[in-house]
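Data first, discussion second: the structure below is written as structure tokens.
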Amino acid sequence: MRHLHRAFARARSTLASTPLDKPLEKPIFFDMCHSNNAARVRLWMALKRPGGMGHAIESRMLTYPDLKKADFAAVNPLKKVPALILPDGAPVFESNVILSFLEDKYGDAGPRLTPRTPEGRAAMELLCRVHDLYIASPNTTAPGFSHSQGAMYLSYGWHGPERGMDLPTRAAKIAEIWRQLCWLEAELEASDRRRAMVSRLHLDKFTRDPDAAGGPHLLGQLTLADLTWFPTCVFMEFMLPRFFGWPQLFDPAAADPAPTPFPRLAAWYSAMRAEPAVEAVRAEIWAYWEEMEAAGQFKPIVDEIAASADPTLKLTYGVPQAVQLNYQQPPPAGKGTGRYINQPDLGDVVDEHVAAEVARREAGREGGGWV
């Protein structure tokens with residue numbers, strides 16, 4: 001972990017120096033290098049204005065042991081990041097609440113990161129809500145419960161019984177990730193079609209947001225929805241192909257083991273990475289998971305999957321699965337096909353079957369049917 005300690009030694013103080021017993025000069029944002037939910041706030045800090053928002057908001061990088069300290073519990077009783085403490089000592093936690101507060105409080109510091117119209121804001125909130133409810137939150141702090149994203153990296157072998165999960169639970173959560181990515185891709189495609197129709201027919205009164213037209217982001221323009229989904233997609237980019245056999249979801253040019261089933265998402269992800277501040281956050285998250293892979297965090301998951309003999313547990317999506325099917329061969333000249341049932345064999349029917357390997361795809365984004 002030395003590499004990360006050096007990378008995050010850039011003038012960020014430790015939790016122990018937090019002056020919670022007197023007024024603060026400016027709000028303090030509590031971050032963690034690999035937390036996708038904290039990273040969305042880090043992206044906002046970097047993208048809101050050139051040079052970042054460090055002049056107005058202090059950032060402090062925490063580690064897991066810091067979350068268990070009593071002084072941090074005063075900031076976030078859930079003992080999670082992200083968290084924000086205001087100058088008067090009032091705590092703000094939950095990443096979506098923090099983002100909404102910061103954009104409301106410091107909206108004039110740079111470009112708007114929320115749509116201008118009610119319709120546009122509703123679309124943004126829906127994308128954020130789906131992410132938070134179905135991907136990134138267990139909606140409870142009770143032991144033994146995990147968010148869907150936890151299926152990619154939590155295990156009994158590494159995290160113990162409080163945070164681990166069995167293989168059927170993992171498979172169900174992986175399936176949920178697939179479903180939500182399918183929904184997101186379809187939603188973006190539909191949104192693109194609506195914008196194209198409005199532009200083609202000059203239906204300006206139906207324009208959801210004048211800033212959204214033609215942009216590469218989830219809603220055309222850059223919004224809080226982009227900041228919400230991108231760090232979680234870094235998790236997916238790192239883990240799903242590497243440990244679960246998925247294709248490269250966010251690479252538009254990748255073809256092995258299959259092209260991405262989410263071309264619109266892949267184009268968005270590539271556009272986001274073109275922004276240096278976004279790519280820097282991705283590199284921070286990526287470096288952490290590389291170190292955890294080297295430390296062995298994913299080995300219990302890989303071993304568990306390899307040892308499973310249950311054919312009903314599906315963990316790989318987006319890639320055709322090879323299966324054996326029996327195909328009936330054409331009969332010889334003068335013969336027919338079709339076995340007799342409760343009738344004597346007259347010698348005029350020949351049934352011959354040959355096994356062949358075919359690629360089976362699931363319905364929806366995997367293409368459906370047989371190849």
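Ordered as shown in the structure tokens, chains take letters A, B, and onward, while each chain numbers its residues from 1 and ligands are numbered from 1 in the order shown.
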
Using only C-alpha atoms, which residues of range 60-88 of chain A come within 10 Å of range 92-99 of chain A, and what is the closest atom pair for each, with the distance in Å to one decimal? Give it as JSON lines, sorted by chain and residue number.
```
{"residue": "A:Val75", "atom": "CA", "partner": "A:Val92", "partner_atom": "CA", "distance": 7.6}
{"residue": "A:Asn76", "atom": "CA", "partner": "A:Phe93", "partner_atom": "CA", "distance": 6.2}
{"residue": "A:Pro77", "atom": "CA", "partner": "A:Phe93", "partner_atom": "CA", "distance": 9.1}
{"residue": "A:Leu78", "atom": "CA", "partner": "A:Phe93", "partner_atom": "CA", "distance": 8.8}
{"residue": "A:Lys79", "atom": "CA", "partner": "A:Phe93", "partner_atom": "CA", "distance": 9.8}
{"residue": "A:Lys80", "atom": "CA", "partner": "A:Phe93", "partner_atom": "CA", "distance": 8.4}
{"residue": "A:Val81", "atom": "CA", "partner": "A:Phe93", "partner_atom": "CA", "distance": 7.7}
{"residue": "A:Pro82", "atom": "CA", "partner": "A:Ser95", "partner_atom": "CA", "distance": 5.9}
{"residue": "A:Ala83", "atom": "CA", "partner": "A:Phe93", "partner_atom": "CA", "distance": 4.6}
{"residue": "A:Leu84", "atom": "CA", "partner": "A:Val92", "partner_atom": "CA", "distance": 5.0}
{"residue": "A:Ile85", "atom": "CA", "partner": "A:Val92", "partner_atom": "CA", "distance": 6.1}
{"residue": "A:Leu86", "atom": "CA", "partner": "A:Val92", "partner_atom": "CA", "distance": 7.6}
```

(message) To test your reading of the structure, identify every residue in range 112-195 of chain A that backbone DSSP assigns to helix (DSSP H, G or I), and report it as a ChimeraX atom specification.
(response) /A:118-134,148-152,156-159,167-195

(message) Please compute the CA of Leu240 in chain A-CA of Tyr317 in chain A distance, one decimal, in Å.
(response) 9.1 Å

(message) So, with only C-alpha atoms as the atoms that count, which of A:Met236, A:Leu67, A:Ala309, A:Val319 lies closest to Pro257 in chain A?
(response)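 The answer is A:Val319, which sits nearest to Pro257 in chain A.
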
(request) Point out the residue among A:Met152, A:Leu218, A:Cys33, A:Leu167 with the least atom-to-atom distance to Glu189 in chain A, counting only C-alpha atoms. (result) A:Leu218

(request) Within 9 Å of Pro330 in chain A, counting only C-alpha atoms, which residues show up once you throw out same-chain ones fewer than 6 positions away? Write them as a PyMOL selection string, please. (result) chain A and resi 336-337+350-352

Restricting it to all heavy atoms, dump the selection as a PDB file, in the first residue's frame.
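Once written, again-v4.pdb looks like this:
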```pdb
ATOM      1  N   GLY A 336     -37.408 -41.448 -44.908  1.00  0.00           N
ATOM      2  CA  GLY A 336     -37.969 -40.298 -44.237  1.00  0.00           C
ATOM      3  C   GLY A 336     -37.452 -40.217 -42.804  1.00  0.00           C
ATOM      4  O   GLY A 336     -36.647 -41.038 -42.365  1.00  0.00           O
ATOM      5  N   THR A 337     -37.903 -39.186 -42.078  1.00  0.00           N
ATOM      6  CA  THR A 337     -37.549 -39.043 -40.665  1.00  0.00           C
ATOM      7  C   THR A 337     -38.817 -39.072 -39.842  1.00  0.00           C
ATOM      8  O   THR A 337     -39.910 -38.780 -40.329  1.00  0.00           O
ATOM      9  CB  THR A 337     -36.794 -37.730 -40.405  1.00  0.00           C
ATOM     10  OG1 THR A 337     -37.629 -36.623 -40.764  1.00  0.00           O
ATOM     11  CG2 THR A 337     -35.496 -37.662 -41.190  1.00  0.00           C
ATOM     12  N   VAL A 350     -35.378 -43.182 -41.021  1.00  0.00           N
ATOM     13  CA  VAL A 350     -34.023 -43.145 -40.454  1.00  0.00           C
ATOM     14  C   VAL A 350     -33.897 -41.876 -39.625  1.00  0.00           C
ATOM     15  O   VAL A 350     -34.102 -40.769 -40.141  1.00  0.00           O
ATOM     16  CB  VAL A 350     -32.951 -43.172 -41.556  1.00  0.00           C
ATOM     17  CG1 VAL A 350     -31.563 -43.010 -40.933  1.00  0.00           C
ATOM     18  CG2 VAL A 350     -33.042 -44.461 -42.348  1.00  0.00           C
ATOM     19  N   ASP A 351     -33.583 -42.025 -38.345  1.00  0.00           N
ATOM     20  CA  ASP A 351     -33.346 -40.871 -37.465  1.00  0.00           C
ATOM     21  C   ASP A 351     -31.902 -40.906 -36.991  1.00  0.00           C
ATOM     22  O   ASP A 351     -31.503 -41.811 -36.268  1.00  0.00           O
ATOM     23  CB  ASP A 351     -34.288 -40.907 -36.250  1.00  0.00           C
ATOM     24  CG  ASP A 351     -35.710 -40.529 -36.623  1.00  0.00           C
ATOM     25  OD1 ASP A 351     -35.860 -39.526 -37.347  1.00  0.00           O
ATOM     26  OD2 ASP A 351     -36.639 -41.226 -36.195  1.00  0.00           O
ATOM     27  N   GLU A 352     -31.132 -39.916 -37.424  1.00  0.00           N
ATOM     28  CA  GLU A 352     -29.735 -39.818 -37.000  1.00  0.00           C
ATOM     29  C   GLU A 352     -29.472 -38.399 -36.500  1.00  0.00           C
ATOM     30  O   GLU A 352     -29.833 -37.417 -37.162  1.00  0.00           O
ATOM     31  CB  GLU A 352     -28.796 -40.139 -38.172  1.00  0.00           C
ATOM     32  CG  GLU A 352     -27.321 -40.093 -37.773  1.00  0.00           C
ATOM     33  CD  GLU A 352     -26.406 -40.429 -38.917  1.00  0.00           C
ATOM     34  OE1 GLU A 352     -26.906 -40.834 -39.992  1.00  0.00           O
ATOM     35  OE2 GLU A 352     -25.184 -40.279 -38.755  1.00  0.00           O
TER      36      GLU A 352
END
```

At a cut-off of 12 Å, can you tabulate as a Markdown table every residue of range 184-270 of chain A near range 102-111 of chain A together with its closest atom pair and the distance in Å to one decimal, using only C-alpha atoms and ordering rows by chain then number?
```
| residue | atom | partner | partner_atom | distance |
| --- | --- | --- | --- | --- |
| A:Asp211 | CA | A:Pro111 | CA | 10.7 |
| A:Gln221 | CA | A:Pro111 | CA | 10.4 |
| A:Leu222 | CA | A:Pro111 | CA | 9.2 |
| A:Thr223 | CA | A:Pro111 | CA | 9.8 |
| A:Leu224 | CA | A:Glu103 | CA | 8.8 |
```

(request) Using DSSP on the backbone, list every residue of range 23-166 of chain A that comes out as strand (DSSP E or B), and give them as a PyMOL selection string. (result) chain A and resi 28-31+58-61+83-85+91-93

(message) Rounded to one decimal, what separation in Å do you get between CA of Ile174 in chain A and CA of Ser148 in chain A?
(response)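 Computed distance, CA of Ile174 in chain A to CA of Ser148 in chain A, equals 6.8 Å.
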
Give me the residues within 9 Å of range 242-247 of chain A as a compact mmCIF listing (two decimals) with all heavy atoms, in the first residue's frame, counting only C-alpha atoms and dropping any in the same chain fewer than 5 places off.
```
# COMPACT_ATOMS: atom_id res chain seq x y z
N MET A 152 -19.04 -8.00 -6.43
CA MET A 152 -17.82 -8.01 -7.25
C MET A 152 -16.56 -8.17 -6.41
O MET A 152 -15.52 -8.56 -6.95
CB MET A 152 -17.73 -6.71 -8.06
CG MET A 152 -18.84 -6.53 -9.08
SD MET A 152 -18.60 -5.08 -10.15
CE MET A 152 -18.96 -3.73 -9.01
N GLU A 237 -15.50 -1.99 -14.64
CA GLU A 237 -14.46 -2.15 -15.67
C GLU A 237 -13.32 -3.02 -15.15
O GLU A 237 -12.79 -3.86 -15.88
CB GLU A 237 -13.94 -0.78 -16.09
CG GLU A 237 -12.86 -0.84 -17.15
CD GLU A 237 -12.11 0.48 -17.32
OE1 GLU A 237 -12.23 1.37 -16.44
OE2 GLU A 237 -11.39 0.62 -18.32
N ALA A 254 -13.29 -2.97 -28.21
CA ALA A 254 -12.95 -4.32 -27.77
C ALA A 254 -13.83 -5.35 -28.48
O ALA A 254 -15.02 -5.12 -28.69
CB ALA A 254 -13.09 -4.44 -26.27
N ALA A 255 -13.23 -6.49 -28.81
CA ALA A 255 -13.98 -7.56 -29.49
C ALA A 255 -13.81 -8.91 -28.82
O ALA A 255 -14.53 -9.86 -29.15
CB ALA A 255 -13.56 -7.65 -30.95
N ASP A 256 -12.87 -9.04 -27.90
CA ASP A 256 -12.57 -10.33 -27.26
C ASP A 256 -12.86 -10.22 -25.77
O ASP A 256 -12.34 -9.31 -25.11
CB ASP A 256 -11.09 -10.68 -27.49
CG ASP A 256 -10.71 -12.05 -26.94
OD1 ASP A 256 -11.62 -12.91 -26.86
OD2 ASP A 256 -9.55 -12.25 -26.59
N PRO A 257 -13.69 -11.09 -25.20
CA PRO A 257 -14.32 -12.27 -25.80
C PRO A 257 -15.58 -11.97 -26.60
O PRO A 257 -16.13 -12.85 -27.24
CB PRO A 257 -14.66 -13.11 -24.58
CG PRO A 257 -14.94 -12.10 -23.51
CD PRO A 257 -13.97 -10.98 -23.76
N ALA A 258 -16.05 -10.71 -26.55
CA ALA A 258 -17.22 -10.30 -27.32
C ALA A 258 -17.25 -8.78 -27.30
O ALA A 258 -16.68 -8.15 -26.41
CB ALA A 258 -18.51 -10.86 -26.71
N PRO A 259 -17.89 -8.15 -28.27
CA PRO A 259 -18.05 -6.69 -28.22
C PRO A 259 -18.89 -6.29 -27.02
O PRO A 259 -19.66 -7.08 -26.48
CB PRO A 259 -18.77 -6.36 -29.54
CG PRO A 259 -18.58 -7.57 -30.40
CD PRO A 259 -18.47 -8.74 -29.49
N THR A 260 -18.73 -5.04 -26.62
CA THR A 260 -19.54 -4.58 -25.49
C THR A 260 -21.03 -4.66 -25.82
O THR A 260 -21.45 -4.29 -26.93
CB THR A 260 -19.18 -3.13 -25.10
OG1 THR A 260 -20.08 -2.69 -24.06
CG2 THR A 260 -19.30 -2.18 -26.28
N PRO A 261 -21.84 -5.13 -24.89
CA PRO A 261 -23.29 -5.09 -25.10
C PRO A 261 -23.88 -3.71 -24.84
O PRO A 261 -25.07 -3.52 -25.02
CB PRO A 261 -23.81 -6.11 -24.08
CG PRO A 261 -22.78 -6.12 -23.00
CD PRO A 261 -21.46 -5.83 -23.66
N PHE A 298 -9.27 -10.92 -4.14
CA PHE A 298 -10.23 -11.55 -5.05
C PHE A 298 -10.06 -13.07 -5.13
O PHE A 298 -10.91 -13.73 -5.74
CB PHE A 298 -10.10 -10.93 -6.44
CG PHE A 298 -10.43 -9.46 -6.46
CD1 PHE A 298 -9.43 -8.50 -6.39
CD2 PHE A 298 -11.75 -9.03 -6.51
CE1 PHE A 298 -9.73 -7.15 -6.39
CE2 PHE A 298 -12.06 -7.68 -6.52
CZ PHE A 298 -11.05 -6.74 -6.46
N ILE A 301 -13.03 -15.31 -4.10
CA ILE A 301 -14.13 -15.28 -5.05
C ILE A 301 -13.82 -16.16 -6.25
O ILE A 301 -14.66 -16.96 -6.70
CB ILE A 301 -14.42 -13.83 -5.50
CG1 ILE A 301 -14.86 -12.99 -4.30
CG2 ILE A 301 -15.47 -13.80 -6.60
CD1 ILE A 301 -15.04 -11.52 -4.61
N VAL A 302 -12.62 -16.02 -6.79
CA VAL A 302 -12.21 -16.83 -7.95
C VAL A 302 -12.25 -18.32 -7.60
O VAL A 302 -12.75 -19.14 -8.38
CB VAL A 302 -10.82 -16.40 -8.42
CG1 VAL A 302 -10.30 -17.35 -9.50
CG2 VAL A 302 -10.83 -14.97 -8.93
N ILE A 305 -15.92 -19.60 -7.29
CA ILE A 305 -16.55 -19.79 -8.60
C ILE A 305 -16.01 -21.05 -9.27
O ILE A 305 -16.77 -21.85 -9.84
CB ILE A 305 -16.34 -18.56 -9.48
CG1 ILE A 305 -17.07 -17.34 -8.88
CG2 ILE A 305 -16.82 -18.82 -10.91
CD1 ILE A 305 -16.77 -16.04 -9.58
N LEU A 315 -22.89 -16.22 -13.64
CA LEU A 315 -22.06 -15.10 -13.21
C LEU A 315 -21.46 -14.34 -14.38
O LEU A 315 -20.98 -13.23 -14.21
CB LEU A 315 -20.94 -15.60 -12.28
CG LEU A 315 -21.43 -16.16 -10.95
CD1 LEU A 315 -20.44 -17.14 -10.36
CD2 LEU A 315 -21.68 -15.02 -9.97
N THR A 316 -21.48 -14.94 -15.56
CA THR A 316 -20.94 -14.30 -16.76
C THR A 316 -22.08 -13.82 -17.64
O THR A 316 -22.98 -14.58 -17.98
CB THR A 316 -20.06 -15.28 -17.55
OG1 THR A 316 -18.97 -15.71 -16.73
CG2 THR A 316 -19.50 -14.62 -18.80
N TYR A 317 -22.03 -12.54 -18.00
CA TYR A 317 -23.04 -11.93 -18.86
C TYR A 317 -22.34 -11.22 -20.02
O TYR A 317 -21.20 -10.81 -19.91
CB TYR A 317 -23.90 -10.94 -18.08
CG TYR A 317 -24.83 -11.59 -17.09
CD1 TYR A 317 -24.39 -11.95 -15.82
CD2 TYR A 317 -26.15 -11.86 -17.43
CE1 TYR A 317 -25.24 -12.56 -14.92
CE2 TYR A 317 -27.01 -12.47 -16.53
CZ TYR A 317 -26.55 -12.81 -15.27
OH TYR A 317 -27.39 -13.43 -14.37
N GLY A 318 -23.08 -11.10 -21.12
CA GLY A 318 -22.56 -10.36 -22.26
C GLY A 318 -21.68 -11.17 -23.18
O GLY A 318 -21.19 -10.65 -24.18
N VAL A 319 -21.46 -12.45 -22.86
CA VAL A 319 -20.59 -13.32 -23.65
C VAL A 319 -21.39 -14.57 -24.01
O VAL A 319 -21.96 -15.21 -23.13
CB VAL A 319 -19.32 -13.71 -22.88
CG1 VAL A 319 -18.47 -14.67 -23.71
CG2 VAL A 319 -18.52 -12.47 -22.51
```
